[in-house]
>>> print(open('upload_27.cif').read())   # mmCIF, C-alpha atoms
data_input
#
loop_
_atom_site.label_atom_id
_atom_site.label_comp_id
_atom_site.auth_asym_id
_atom_site.auth_seq_id
_atom_site.Cartn_x
_atom_site.Cartn_y
_atom_site.Cartn_z
CA MET Q 1364 40.89 1.83 57.32
CA GLN Q 1365 41.67 4.59 59.82
CA LEU Q 1366 39.99 2.55 62.59
CA GLU Q 1367 42.15 -0.48 61.73
CA GLU Q 1368 45.28 1.67 61.91
CA ILE Q 1369 44.23 2.94 65.35
CA ASN Q 1370 43.65 -0.64 66.53
CA ASN Q 1371 47.14 -1.61 65.35
CA ILE Q 1372 48.85 0.95 67.60
CA GLN Q 1373 51.02 -0.86 70.13
CA GLU Q 1374 49.88 -0.52 73.76
CA VAL Q 1375 53.27 -1.57 75.13
CA SER Q 1376 56.73 -1.10 73.62
CA VAL Q 1377 59.06 -4.10 73.83
CA LEU Q 1378 62.70 -2.98 73.90
CA GLY Q 1379 65.95 -4.80 73.20
CA THR Q 1380 69.55 -3.69 72.70
CA VAL Q 1381 72.04 -3.90 69.84
CA THR Q 1382 75.09 -5.83 71.04
CA ALA Q 1383 77.16 -5.98 67.83
CA VAL Q 1384 77.18 -4.89 64.20
CA GLN Q 1385 79.12 -6.87 61.61
CA GLY Q 1386 78.76 -5.90 57.97
CA MET Q 1387 75.00 -5.78 57.33
CA LEU Q 1388 74.22 -8.05 60.27
CA ILE Q 1389 72.96 -6.73 63.61
CA GLU Q 1390 72.99 -8.75 66.84
CA CYS Q 1391 70.22 -7.98 69.29
CA ALA Q 1392 69.75 -9.17 72.88
CA GLY Q 1393 66.99 -8.80 75.46
CA ILE Q 1394 63.93 -9.68 73.37
CA GLU Q 1395 65.10 -12.74 71.43
CA ARG Q 1396 62.48 -14.97 73.12
CA LEU Q 1397 59.71 -12.73 71.73
CA LEU Q 1398 61.04 -12.82 68.17
CA SER Q 1399 60.84 -15.30 65.30
CA VAL Q 1400 62.31 -15.40 61.81
CA GLY Q 1401 60.54 -12.70 59.80
CA SER Q 1402 59.72 -10.47 62.79
CA ARG Q 1403 60.18 -6.74 62.21
CA CYS Q 1404 62.01 -4.39 64.56
CA ARG Q 1405 62.81 -0.69 64.51
CA ILE Q 1406 66.30 0.37 65.58
CA ALA Q 1407 66.87 3.86 67.02
CA GLY Q 1408 70.46 5.04 66.58
CA GLN Q 1409 72.55 7.89 67.90
CA LYS Q 1410 72.15 11.50 66.80
CA GLY Q 1411 74.35 12.55 63.92
CA LEU Q 1412 75.90 15.89 62.97
CA GLN Q 1413 72.52 17.29 61.95
CA GLY Q 1414 71.00 16.43 65.31
CA LYS Q 1415 68.75 13.68 63.92
CA ALA Q 1416 68.75 10.14 65.25
CA PRO Q 1417 68.30 7.46 62.56
CA SER Q 1418 65.37 5.07 62.86
CA ILE Q 1419 65.62 2.07 60.57
CA LEU Q 1420 63.46 -0.97 60.00
CA ALA Q 1421 65.09 -4.39 60.25
CA GLU Q 1422 63.98 -7.99 59.90
CA VAL Q 1423 64.98 -11.05 61.93
CA VAL Q 1424 66.84 -13.49 59.67
CA GLY Q 1425 68.14 -15.96 62.28
CA PHE Q 1426 69.39 -16.62 65.80
CA ARG Q 1427 72.83 -17.38 67.22
CA GLU Q 1428 74.02 -17.91 70.82
CA ASN Q 1429 70.81 -16.58 72.39
CA LYS Q 1430 70.87 -13.46 70.23
CA ALA Q 1431 68.65 -12.43 67.35
CA LEU Q 1432 70.27 -11.67 63.99
CA LEU Q 1433 68.70 -8.77 62.09
CA MET Q 1434 69.26 -7.28 58.64
CA PRO Q 1435 68.28 -3.69 57.83
CA PHE Q 1436 66.08 -2.27 55.08
CA ASP Q 1437 68.23 0.90 55.07
CA SER Q 1438 71.71 2.21 55.84
CA LEU Q 1439 73.26 1.30 59.19
CA GLU Q 1440 74.90 4.70 59.59
CA GLY Q 1441 74.44 5.87 63.19
CA ILE Q 1442 73.69 2.37 64.50
CA GLY Q 1443 76.05 0.82 67.05
CA PRO Q 1444 76.18 -1.25 70.24
CA GLY Q 1445 73.66 -0.01 72.81
CA ALA Q 1446 71.13 1.24 70.25
CA ARG Q 1447 67.52 0.54 71.19
CA VAL Q 1448 65.59 -2.16 69.32
CA ILE Q 1449 61.80 -1.81 69.36
CA LEU Q 1450 59.61 -4.75 68.37
CA GLU Q 1451 57.09 -3.89 65.63
CA GLU Q 1452 53.79 -5.72 65.99
CA ASN Q 1453 52.49 -4.99 62.49
CA ALA Q 1454 52.66 -8.05 60.28
CA SER Q 1455 54.30 -8.06 56.84
CA VAL Q 1456 51.18 -7.22 54.86
CA CYS Q 1457 50.04 -4.76 52.20
CA TYR Q 1458 46.61 -3.28 51.47
CA PRO Q 1459 46.16 -3.24 47.67
CA SER Q 1460 43.20 -1.54 46.00
CA ASP Q 1461 41.98 -0.83 42.47
CA ALA Q 1462 43.40 2.68 42.89
CA TRP Q 1463 46.90 1.17 42.63
CA LEU Q 1464 46.43 0.75 38.88
CA GLY Q 1465 48.63 3.22 37.02
CA ARG Q 1466 50.94 3.66 40.01
CA VAL Q 1467 54.60 2.88 40.71
CA ILE Q 1468 55.39 1.62 44.22
CA ASN Q 1469 58.43 0.38 46.11
CA ALA Q 1470 58.95 -2.83 48.06
CA MET Q 1471 57.24 -1.33 51.13
CA GLY Q 1472 54.07 -0.49 49.18
CA GLU Q 1473 54.85 3.25 49.15
CA PRO Q 1474 54.38 5.43 46.04
CA VAL Q 1475 57.51 6.52 44.19
CA ASP Q 1476 55.89 8.15 41.17
CA GLY Q 1477 55.21 11.59 42.65
CA LYS Q 1478 51.44 11.24 42.16
CA GLY Q 1479 50.50 11.68 45.79
CA PRO Q 1480 49.44 9.24 48.53
CA LEU Q 1481 48.52 5.66 47.67
CA PRO Q 1482 44.96 4.73 48.75
CA LYS Q 1483 44.83 1.58 50.83
CA GLY Q 1484 42.34 -1.26 50.45
CA SER Q 1485 40.35 -2.74 53.30
CA ALA Q 1486 41.73 -6.30 53.27
CA PRO Q 1487 45.33 -7.13 54.23
CA TYR Q 1488 47.34 -9.34 51.88
CA PRO Q 1489 50.38 -11.09 53.41
CA LEU Q 1490 53.58 -10.55 51.48
CA ARG Q 1491 54.61 -14.18 51.98
CA SER Q 1492 51.37 -16.06 51.45
CA HIS Q 1493 50.91 -19.67 50.39
CA PRO Q 1494 49.64 -20.65 46.93
CA PRO Q 1495 46.14 -22.16 46.69
CA ALA Q 1496 45.97 -25.84 47.56
CA ALA Q 1497 46.73 -28.01 44.52
CA HIS Q 1498 43.38 -29.83 44.62
CA GLU Q 1499 41.44 -26.54 44.81
CA ARG Q 1500 43.02 -24.84 41.82
CA SER Q 1501 41.24 -24.52 38.51
CA ARG Q 1502 42.84 -25.98 35.41
CA VAL Q 1503 44.93 -23.91 33.02
CA LYS Q 1504 42.80 -23.12 29.98
CA GLY Q 1505 42.26 -20.52 27.30
CA LYS Q 1506 45.14 -18.99 25.34
CA LEU Q 1507 46.38 -15.51 26.19
CA ASN Q 1508 47.25 -13.18 23.32
CA LEU Q 1509 50.75 -11.88 24.08
CA GLY Q 1510 51.08 -9.73 20.95
CA VAL Q 1511 54.45 -11.31 20.00
CA ARG Q 1512 54.22 -13.56 16.90
CA ALA Q 1513 56.98 -15.98 17.88
CA MET Q 1514 55.39 -16.64 21.28
CA ASN Q 1515 51.77 -16.64 20.11
CA VAL Q 1516 52.48 -19.38 17.55
CA PHE Q 1517 55.43 -21.48 18.73
CA LEU Q 1518 55.13 -20.93 22.51
CA SER Q 1519 51.42 -20.38 23.07
CA CYS Q 1520 50.72 -19.31 26.64
CA CYS Q 1521 47.52 -20.26 28.49
CA ARG Q 1522 45.87 -18.18 31.19
CA GLY Q 1523 47.42 -19.21 34.48
CA GLN Q 1524 50.57 -20.67 32.93
CA ARG Q 1525 54.04 -19.86 34.30
CA MET Q 1526 56.96 -19.48 31.92
CA GLY Q 1527 60.59 -18.43 32.25
CA ILE Q 1528 62.48 -16.17 29.87
CA PHE Q 1529 66.13 -17.28 30.00
CA SER Q 1530 68.68 -14.82 28.71
CA GLY Q 1531 72.21 -13.57 29.12
CA SER Q 1532 72.84 -9.88 29.67
CA GLY Q 1533 72.26 -7.63 26.66
CA VAL Q 1534 70.30 -10.15 24.59
CA GLY Q 1535 66.98 -8.29 24.76
CA LYS Q 1536 64.96 -9.73 27.64
CA SER Q 1537 63.92 -6.30 28.96
CA ILE Q 1538 62.72 -5.26 25.49
CA LEU Q 1539 60.74 -8.49 25.18
CA MET Q 1540 59.19 -7.85 28.61
CA SER Q 1541 58.15 -4.35 27.51
CA MET Q 1542 56.53 -5.76 24.36
CA LEU Q 1543 54.55 -8.25 26.46
CA ALA Q 1544 53.46 -5.60 28.96
CA ARG Q 1545 52.19 -3.28 26.24
CA SER Q 1546 50.67 -5.81 23.84
CA SER Q 1547 49.13 -8.56 25.96
CA GLN Q 1548 45.37 -8.74 26.41
CA ALA Q 1549 45.37 -9.57 30.13
CA ASP Q 1550 42.99 -7.56 32.34
CA VAL Q 1551 45.78 -6.29 34.62
CA ASN Q 1552 49.59 -6.18 34.43
CA VAL Q 1553 51.62 -6.44 37.64
CA ILE Q 1554 55.26 -5.74 36.82
CA GLY Q 1555 58.08 -6.37 39.28
CA LEU Q 1556 61.41 -4.73 38.43
CA ILE Q 1557 63.83 -6.32 40.89
CA GLY Q 1558 67.43 -5.25 41.17
CA GLU Q 1559 67.45 -3.54 37.77
CA ARG Q 1560 69.09 -0.28 36.64
CA SER Q 1561 67.38 2.79 38.10
CA ARG Q 1562 67.67 4.79 34.87
CA GLU Q 1563 65.57 2.19 33.03
CA LEU Q 1564 62.41 2.85 35.07
CA GLN Q 1565 61.34 6.07 33.35
CA GLU Q 1566 62.37 4.70 29.94
CA PHE Q 1567 60.25 1.60 30.55
CA ILE Q 1568 57.20 3.61 31.65
CA GLU Q 1569 57.33 6.34 29.00
CA ASP Q 1570 58.83 4.61 25.95
CA ASP Q 1571 57.84 0.96 26.35
CA LEU Q 1572 54.69 0.76 28.45
CA GLY Q 1573 53.09 4.03 27.39
CA GLU Q 1574 50.15 5.84 28.94
CA GLU Q 1575 47.55 3.24 27.91
CA GLY Q 1576 49.66 0.35 29.20
CA LEU Q 1577 50.31 2.09 32.51
CA LYS Q 1578 46.58 2.58 33.15
CA ARG Q 1579 46.10 -1.16 33.58
CA SER Q 1580 49.40 -1.84 35.31
CA VAL Q 1581 50.94 -1.73 38.77
CA ILE Q 1582 54.75 -1.44 38.81
CA VAL Q 1583 56.78 -2.58 41.83
CA VAL Q 1584 60.39 -1.44 41.72
CA ALA Q 1585 63.53 -2.08 43.76
CA THR Q 1586 66.72 -0.97 42.03
CA SER Q 1587 70.12 -2.64 42.21
CA SER Q 1588 71.36 -0.01 44.68
CA GLU Q 1589 68.77 -0.97 47.30
CA TYR Q 1590 69.41 -3.37 50.14
CA ALA Q 1591 68.96 -7.13 49.82
CA LEU Q 1592 65.84 -7.24 52.01
CA LEU Q 1593 64.13 -4.65 49.81
CA ARG Q 1594 65.05 -6.48 46.62
CA ARG Q 1595 63.68 -9.73 48.04
CA GLN Q 1596 60.55 -8.07 49.38
CA SER Q 1597 59.79 -6.42 46.04
CA ALA Q 1598 59.24 -9.92 44.60
CA TYR Q 1599 56.87 -10.77 47.46
CA MET Q 1600 55.06 -7.45 47.00
CA THR Q 1601 54.64 -8.13 43.27
CA MET Q 1602 52.98 -11.47 43.95
CA ALA Q 1603 50.76 -10.07 46.74
CA VAL Q 1604 49.41 -7.34 44.42
CA ALA Q 1605 48.82 -9.92 41.67
CA GLU Q 1606 46.91 -12.12 44.14
CA TYR Q 1607 44.64 -9.21 45.04
CA PHE Q 1608 43.52 -8.72 41.43
CA ARG Q 1609 43.27 -12.49 40.90
CA ASP Q 1610 40.88 -12.74 43.84
CA LYS Q 1611 38.71 -10.08 42.18
CA GLY Q 1612 38.26 -12.38 39.19
CA LYS Q 1613 40.81 -10.68 36.93
CA ASP Q 1614 43.20 -12.41 34.55
CA VAL Q 1615 46.55 -11.00 35.66
CA LEU Q 1616 49.79 -10.98 33.70
CA CYS Q 1617 52.62 -10.96 36.24
CA LEU Q 1618 55.97 -9.95 34.75
CA MET Q 1619 59.01 -10.25 37.00
CA ASP Q 1620 62.46 -9.06 35.94
CA SER Q 1621 64.32 -10.89 37.29
CA VAL Q 1622 64.11 -14.03 39.42
CA THR Q 1623 67.92 -14.18 39.41
CA ARG Q 1624 68.15 -10.85 41.28
CA PHE Q 1625 65.68 -12.23 43.84
CA ALA Q 1626 67.90 -15.30 44.27
CA MET Q 1627 71.00 -13.12 44.64
CA ALA Q 1628 69.28 -11.04 47.33
CA GLN Q 1629 68.30 -14.21 49.21
CA ARG Q 1630 71.88 -15.44 48.88
CA GLU Q 1631 73.18 -12.22 50.48
CA ILE Q 1632 70.73 -12.62 53.34
CA GLY Q 1633 71.55 -16.31 53.84
CA LEU Q 1634 75.31 -15.82 53.80
CA SER Q 1635 75.06 -12.93 56.30
CA ALA Q 1636 73.00 -15.14 58.61
CA GLY Q 1637 75.69 -17.83 58.49
CA GLU Q 1638 74.17 -20.33 56.05
CA PRO Q 1639 76.68 -22.59 54.29
CA PRO Q 1640 77.16 -21.80 50.60
CA THR Q 1641 76.36 -24.61 48.18
CA SER Q 1642 76.31 -24.49 44.38
CA LYS Q 1643 78.03 -21.30 43.11
CA GLY Q 1644 77.68 -19.74 46.55
CA TYR Q 1645 73.88 -19.98 46.66
CA THR Q 1646 72.55 -20.99 50.06
CA PRO Q 1647 69.95 -23.72 50.72
CA THR Q 1648 67.20 -21.16 51.44
CA VAL Q 1649 67.51 -19.81 47.88
CA PHE Q 1650 66.33 -23.13 46.46
CA ALA Q 1651 63.66 -23.40 49.17
CA GLU Q 1652 62.27 -19.90 48.48
CA LEU Q 1653 62.13 -20.15 44.67
CA PRO Q 1654 59.21 -22.62 44.47
CA LYS Q 1655 57.37 -20.77 47.25
CA LEU Q 1656 57.52 -17.59 45.18
CA LEU Q 1657 56.87 -19.04 41.72
CA GLU Q 1658 54.05 -21.39 42.78
CA ARG Q 1659 51.99 -18.37 43.84
CA ALA Q 1660 51.40 -17.66 40.15
CA GLY Q 1661 48.93 -19.86 38.30
CA PRO Q 1662 45.17 -20.41 38.15
CA GLY Q 1663 43.14 -19.47 41.20
CA LYS Q 1664 40.33 -21.36 42.88
CA ALA Q 1665 36.91 -21.76 41.23
CA GLY Q 1666 35.37 -18.31 40.74
CA GLN Q 1667 38.71 -16.53 40.92
CA GLY Q 1668 40.86 -15.21 38.09
CA SER Q 1669 44.35 -16.34 37.21
CA ILE Q 1670 47.96 -15.16 37.40
CA THR Q 1671 49.90 -15.82 34.21
CA GLY Q 1672 53.54 -15.54 35.24
CA LEU Q 1673 56.41 -14.62 32.93
CA PHE Q 1674 59.66 -14.57 34.90
CA THR Q 1675 63.02 -13.58 33.44
CA VAL Q 1676 66.12 -15.51 34.45
CA LEU Q 1677 69.50 -13.84 33.88
CA VAL Q 1678 71.84 -16.72 33.05
CA GLU Q 1679 75.51 -16.35 33.95
CA GLY Q 1680 77.88 -16.66 30.99
CA ASP Q 1681 74.96 -17.71 28.72
CA ASP Q 1682 74.90 -21.03 30.60
CA THR Q 1683 71.25 -22.09 30.79
CA ASN Q 1684 72.23 -25.01 33.05
CA GLU Q 1685 73.63 -22.93 35.91
CA PRO Q 1686 71.97 -23.55 39.33
CA ILE Q 1687 69.22 -20.90 39.31
CA SER Q 1688 68.25 -21.56 35.68
CA ASP Q 1689 68.12 -25.29 36.29
CA SER Q 1690 65.99 -24.90 39.42
CA VAL Q 1691 63.55 -22.43 37.88
CA ARG Q 1692 63.13 -24.49 34.70
CA GLY Q 1693 62.02 -27.45 36.81
CA ILE Q 1694 59.37 -25.38 38.60
CA LEU Q 1695 57.77 -23.53 35.67
CA ASP Q 1696 55.47 -24.71 32.87
CA GLY Q 1697 57.79 -23.81 30.02
CA HIS Q 1698 60.89 -21.86 29.09
CA ILE Q 1699 61.77 -19.28 26.44
CA VAL Q 1700 65.46 -19.14 25.53
CA LEU Q 1701 66.93 -15.93 24.11
CA ASP Q 1702 70.04 -16.74 22.07
CA ARG Q 1703 72.99 -14.35 21.82
CA ALA Q 1704 73.97 -15.71 18.40
CA ILE Q 1705 70.51 -14.86 17.05
CA ALA Q 1706 70.70 -11.37 18.55
CA GLN Q 1707 74.09 -10.84 16.93
CA ARG Q 1708 72.51 -11.64 13.57
CA GLY Q 1709 70.12 -8.74 14.19
CA ARG Q 1710 66.90 -10.72 14.67
CA PHE Q 1711 64.81 -9.53 17.61
CA PRO Q 1712 63.24 -10.88 19.71
CA ALA Q 1713 66.13 -13.34 19.71
CA ILE Q 1714 64.03 -16.38 20.68
CA ASN Q 1715 65.57 -19.76 19.92
CA ILE Q 1716 62.40 -21.63 18.98
CA LEU Q 1717 64.03 -25.07 18.96
CA LYS Q 1718 65.39 -24.71 22.51
CA SER Q 1719 62.15 -23.24 23.90
CA VAL Q 1720 59.01 -25.09 24.93
CA SER Q 1721 55.54 -24.40 26.31
CA ARG Q 1722 54.33 -27.47 28.21
CA THR Q 1723 50.63 -26.57 27.99
CA MET Q 1724 50.67 -25.61 24.31
CA PRO Q 1725 49.61 -28.92 22.67
CA ASP Q 1726 46.47 -29.18 24.81
CA CYS Q 1727 45.35 -25.58 24.34
CA ASN Q 1728 45.81 -25.60 20.53
CA THR Q 1729 43.48 -27.07 17.93
CA PRO Q 1730 44.79 -30.07 15.93
CA GLN Q 1731 45.10 -27.80 12.88
CA GLU Q 1732 47.20 -25.27 14.81
CA ASN Q 1733 49.48 -28.01 16.18
CA ALA Q 1734 49.94 -29.46 12.68
CA LEU Q 1735 50.85 -26.04 11.24
CA VAL Q 1736 53.39 -25.36 14.00
CA GLN Q 1737 54.89 -28.85 13.59
CA VAL Q 1738 55.52 -28.25 9.87
CA ALA Q 1739 57.35 -24.98 10.65
CA ARG Q 1740 59.35 -26.54 13.51
CA SER Q 1741 60.43 -29.45 11.29
CA LEU Q 1742 61.74 -27.09 8.63
CA MET Q 1743 63.58 -25.00 11.21
CA ALA Q 1744 65.11 -28.12 12.80
CA ALA Q 1745 66.23 -29.45 9.42
CA TYR Q 1746 67.91 -26.15 8.56
CA ASP Q 1747 69.57 -25.96 11.99
CA ASP Q 1748 71.01 -29.48 11.62
CA MET Q 1749 72.63 -28.60 8.29
CA SER Q 1750 73.39 -24.93 8.93
CA GLU Q 1751 77.18 -25.35 9.07
CA MET Q 1752 77.33 -27.27 5.81
CA ILE Q 1753 74.98 -24.78 4.14
CA ARG Q 1754 77.11 -21.82 5.21
CA LEU Q 1755 80.29 -23.56 4.03
CA GLY Q 1756 78.69 -24.40 0.68
CA ALA Q 1757 79.21 -28.12 1.28
CA TYR Q 1758 75.54 -29.03 0.79
CA ARG Q 1759 74.51 -29.80 -2.80
CA LYS Q 1760 70.98 -28.83 -3.79
CA GLY Q 1761 68.82 -31.88 -4.54
CA SER Q 1762 70.56 -34.19 -2.10
CA ASP Q 1763 67.64 -34.13 0.33
CA PRO Q 1764 64.15 -32.73 -0.49
CA THR Q 1765 63.52 -31.82 3.17
CA ILE Q 1766 66.74 -29.80 3.39
CA ASP Q 1767 65.89 -28.11 0.08
CA GLN Q 1768 62.53 -27.07 1.52
CA ALA Q 1769 64.18 -25.84 4.73
CA ILE Q 1770 66.60 -23.66 2.73
CA GLN Q 1771 63.74 -22.31 0.63
CA TYR Q 1772 61.56 -21.30 3.57
CA ASN Q 1773 64.27 -20.21 6.02
CA PRO Q 1774 64.43 -16.48 5.01
CA ALA Q 1775 60.64 -16.14 5.24
CA LEU Q 1776 60.51 -17.93 8.60
CA GLU Q 1777 63.29 -15.72 9.98
CA ASN Q 1778 61.35 -12.65 8.82
CA PHE Q 1779 58.20 -14.03 10.47
CA LEU Q 1780 60.03 -14.37 13.80
CA ARG Q 1781 61.45 -10.83 13.55
CA GLN Q 1782 59.25 -8.16 15.16
CA ARG Q 1783 59.74 -4.48 15.94
CA LYS Q 1784 59.41 -3.29 19.52
CA ASP Q 1785 56.35 -1.16 18.68
CA GLU Q 1786 54.65 -3.85 16.57
CA THR Q 1787 51.74 -5.98 17.82
CA THR Q 1788 50.29 -9.08 16.16
CA ASP Q 1789 46.96 -10.63 17.09
CA LEU Q 1790 46.82 -14.31 18.09
CA ASP Q 1791 44.67 -15.57 15.18
CA LYS Q 1792 46.48 -13.35 12.67
CA SER Q 1793 49.80 -14.87 13.78
CA TYR Q 1794 48.71 -18.33 12.60
CA ASP Q 1795 47.38 -16.96 9.32
CA GLU Q 1796 50.70 -15.20 8.66
CA LEU Q 1797 52.64 -18.41 9.33
CA ALA Q 1798 50.37 -20.37 6.97
CA ALA Q 1799 50.97 -17.74 4.30
CA VAL Q 1800 54.75 -18.01 4.80
CA LEU Q 1801 54.55 -21.81 4.30
CA GLY Q 1802 52.15 -21.50 1.39
CA ILE Q 1803 49.46 -23.58 3.10
CA ALA Q 1804 45.94 -22.54 2.06
CA ASP Q 1805 42.75 -23.40 3.97
CA TRP Q 1806 44.86 -24.74 6.83
CA ARG Q 1807 42.00 -24.45 9.35
CA LYS Q 1808 39.90 -27.10 7.56
#
>>> encode(input="upload_27.cif", output="structure tokens")
Amino acid sequence: MQLEEINNIQEVSVLGTVTAVQGMLIECAGIERLLSVGSRCRIAGQKGLQGKAPSILAEVVGFRENKALLMPFDSLEGIGPGARVILEENASVCYPSDAWLGRVINAMGEPVDGKGPLPKGSAPYPLRSHPPAAHERSRVKGKLNLGVRAMNVFLSCCRGQRMGIFSGSGVGKSILMSMLARSSQADVNVIGLIGERSRELQEFIEDDLGEEGLKRSVIVVATSSEYALLRRQSAYMTMAVAEYFRDKGKDVLCLMDSVTRFAMAQREIGLSAGEPPTSKGYTPTVFAELPKLLERAGPGKAGQGSITGLFTVLVEGDDTNEPISDSVRGILDGHIVLDRAIAQRGRFPAINILKSVSRTMPDCNTPQENALVQVARSLMAAYDDMSEMIRLGAYRKGSDPTIDQAIQYNPALENFLRQRKDETTDLDKSYDELAAVLGIADWRK
């Protein structure tokens, strides 16, 4: 690794000049013909009061009138017209290794957990790689135990599947993510916390993930206070680390919280570069980048492992049809809807089973499992259809045998869907518990 770093040292420095700074956008002249979108540059500013000159990393996001447009990864304080711009030859790559397990890193692949230097692997992994070719990918197969009853039974997830968790703010998506990270039986967890509250990091690691969960996890974090490029890159870093473990034959559970923050970061970048806003201010590149990011999860090639992706989507105003939600739902293999009304009733996780779907579930279940789930879904749908009349007392018992059954079983089904944050339920046991709730004996025969 040291030899590779020596070989990457630039023999010649290519210098440009800052010509203007507007907001978070930097105009650079002199080296625009040597740059392309995604190129990295280092900008050396003027000395401040403490006698230190800032040196910040920036990325090329576009071109205008024979000038390159750059956005910084850090504060622009001390940067002005005339500042030197030095072209960085190192590509946007990371060097993951097995030693990254149990560590917390930032969007640049640097440790932020105070546990010392982060060992580097020998092979570079590009941050913005392409997913495997469609015809070379293995098929999705084999259920993954997620440890959450409602998802194990009604929204069974296969290894290599990609699902979205759609939720408004304060409905419990972060708690559900912590339950999945701690309870799932994947070989490795890669967890991307993108644009979230900084105070939640230690709480997530110590209270939710725990020491045992952290040992088989890599956490990539970029808080809401960090710059748009870092928030976007943290999503790319999360996927690159997951691809490393997938290529080693591991079944990886990739948890990303949240895709919406990634889209917002890309919107900031696009608007600064002069892109026209479209739906709700999101720029065209947002909808171009979403499938490129999400398609990287999934089954690998023959002989490789898989990346099971669970991506949270923060819906604005509880509207699951807003632009990002609608786009993500069309890309993924299923969606899990967290309902505020259910959360207000005190049932957590607040999953609305009837509005959620796993597209691979029927094929990965046995006929007996599908039949059991269908009975429960039918009862829940019947109760939901008549819920207003039942609450108002307008329904008369005996009018409809199906509704009578739905009313009878509803309290037990609600209790089945309720689960404490520290509780874990095995996949097979989840089906047995549901059969017991419905009073169905020997259901596997």
>>> residues_near_point(input="upload_27.cif", point="(61.0, -14.3, 27.2)", cutoff="10 Å", atoms="only C-alpha atoms", output="PyMOL selection string")
chain Q and resi 1514+1526-1530+1535-1540+1543+1673-1676+1698-1701+1712-1714+1719
>>> closest_residue(input="upload_27.cif", among="Q:Arg1708, Q:Arg1659, Q:Lys1410, Q:Arg1466", to="Ala1605 of chain Q", atoms="all atoms listed in the file")
Q:Arg1659
>>> atom_distance(input="upload_27.cif", atom1="atom CA of Thr1601 of chain Q", atom2="atom CA of Cys1404 of chain Q")
22.8 Å
>>> resolve_selection(input="upload_27.cif", expression="the PyMOL selection byres ((chain Q and resi 1475-1478) around 10)", output="PDB file with C-alpha atoms, keeping the file's coordinate frame")
ATOM      1  CA  GLY Q1465      48.630   3.220  37.020  1.00  0.00           C
ATOM      2  CA  ARG Q1466      50.940   3.660  40.010  1.00  0.00           C
ATOM      3  CA  VAL Q1467      54.600   2.880  40.710  1.00  0.00           C
ATOM      4  CA  ILE Q1468      55.390   1.620  44.220  1.00  0.00           C
ATOM      5  CA  ASN Q1469      58.430   0.380  46.110  1.00  0.00           C
ATOM      6  CA  GLY Q1472      54.070  -0.490  49.180  1.00  0.00           C
ATOM      7  CA  GLU Q1473      54.850   3.250  49.150  1.00  0.00           C
ATOM      8  CA  PRO Q1474      54.380   5.430  46.040  1.00  0.00           C
ATOM      9  CA  GLY Q1479      50.500  11.680  45.790  1.00  0.00           C
ATOM     10  CA  PRO Q1480      49.440   9.240  48.530  1.00  0.00           C
ATOM     11  CA  LEU Q1481      48.520   5.660  47.670  1.00  0.00           C
ATOM     12  CA  GLN Q1565      61.340   6.070  33.350  1.00  0.00           C
ATOM     13  CA  ILE Q1582      54.750  -1.440  38.810  1.00  0.00           C
ATOM     14  CA  VAL Q1583      56.780  -2.580  41.830  1.00  0.00           C
ATOM     15  CA  VAL Q1584      60.390  -1.440  41.720  1.00  0.00           C
TER      16      VAL Q1584
END
>>> resolve_selection(input="upload_27.cif", expression="the PyMOL selection byres ((chain Q and resi 1692-1696) around 9)", output="VMD selection string")
chain Q and resid 1524 to 1527 1653 to 1654 1657 to 1658 1687 to 1691 1697 to 1698 1720 to 1723
>>> closest_residue(input="upload_27.cif", among="Q:Arg1703, Q:Ala1636, Q:Gln1768, Q:Gly1558", to="Gln1385 of chain Q", atoms="only C-alpha atoms")
Q:Ala1636
>>> resolve_selection(input="upload_27.cif", expression="the PyMOL selection byres ((chain Q and resi 1498-1501) around 10)", output="list in words")
Pro1494, Pro1495, Ala1496, Ala1497, Arg1502, Val1503, Lys1504, Gly1523, Gly1661, Pro1662, Gly1663, Lys1664, Ala1665, Gly1666, Gln1667, Gly1668 and Ser1669 of chain Q
>>> atom_distance(input="upload_27.cif", atom1="atom CA of Ser1492 of chain Q", atom2="atom CA of Leu1656 of chain Q")
8.9 Å
>>> atom_distance(input="upload_27.cif", atom1="atom CA of Asp1610 of chain Q", atom2="atom CA of Arg1595 of chain Q")
23.4 Å
>>> residues_around(input="upload_27.cif", residues="Ile1716 of chain Q", least_positions_apart="4", cutoff="12 Å", atoms="all atoms listed in the file", output="ChimeraX atom specification")
/Q:1512-1519,1698-1702,1705,1712,1720-1721,1736-1737,1739-1744,1747,1776-1777,1780
>>> closest_residue(input="upload_27.cif", among="Q:Glu1395, Q:Glu1732, Q:Arg1447, Q:Arg1609", to="Glu1428 of chain Q", atoms="only C-alpha atoms")
Q:Glu1395
>>> closest_residue(input="upload_27.cif", among="Q:Ile1766, Q:Leu1397, Q:Val1738, Q:Leu1432", to="Ala1383 of chain Q", atoms="only C-alpha atoms")
Q:Leu1432
>>> closest_residue(input="upload_27.cif", among="Q:Pro1482, Q:Gly1709, Q:Pro1435, Q:Gly1379", to="Tyr1590 of chain Q", atoms="only C-alpha atoms")
Q:Pro1435
>>> closest_residue(input="upload_27.cif", among="Q:Ala1421, Q:Leu1450, Q:Ala1603, Q:Leu1507", to="Leu1490 of chain Q", atoms="all atoms listed in the file")
Q:Ala1603
>>> residues_around(input="upload_27.cif", residues="Glu1796 of chain Q", least_positions_apart="4", cutoff="8 Å", atoms="only C-alpha atoms", output="mmCIF file with C-alpha atoms, in the coordinates of the input")
data_model
loop_
_atom_site.group_PDB
_atom_site.id
_atom_site.type_symbol
_atom_site.label_atom_id
_atom_site.label_comp_id
_atom_site.auth_asym_id
_atom_site.auth_seq_id
_atom_site.Cartn_x
_atom_site.Cartn_y
_atom_site.Cartn_z
ATOM 1 C CA PHE Q 1779 58.200 -14.030 10.470
ATOM 2 C CA LYS Q 1792 46.480 -13.350 12.670
ATOM 3 C CA VAL Q 1800 54.750 -18.010 4.800
#
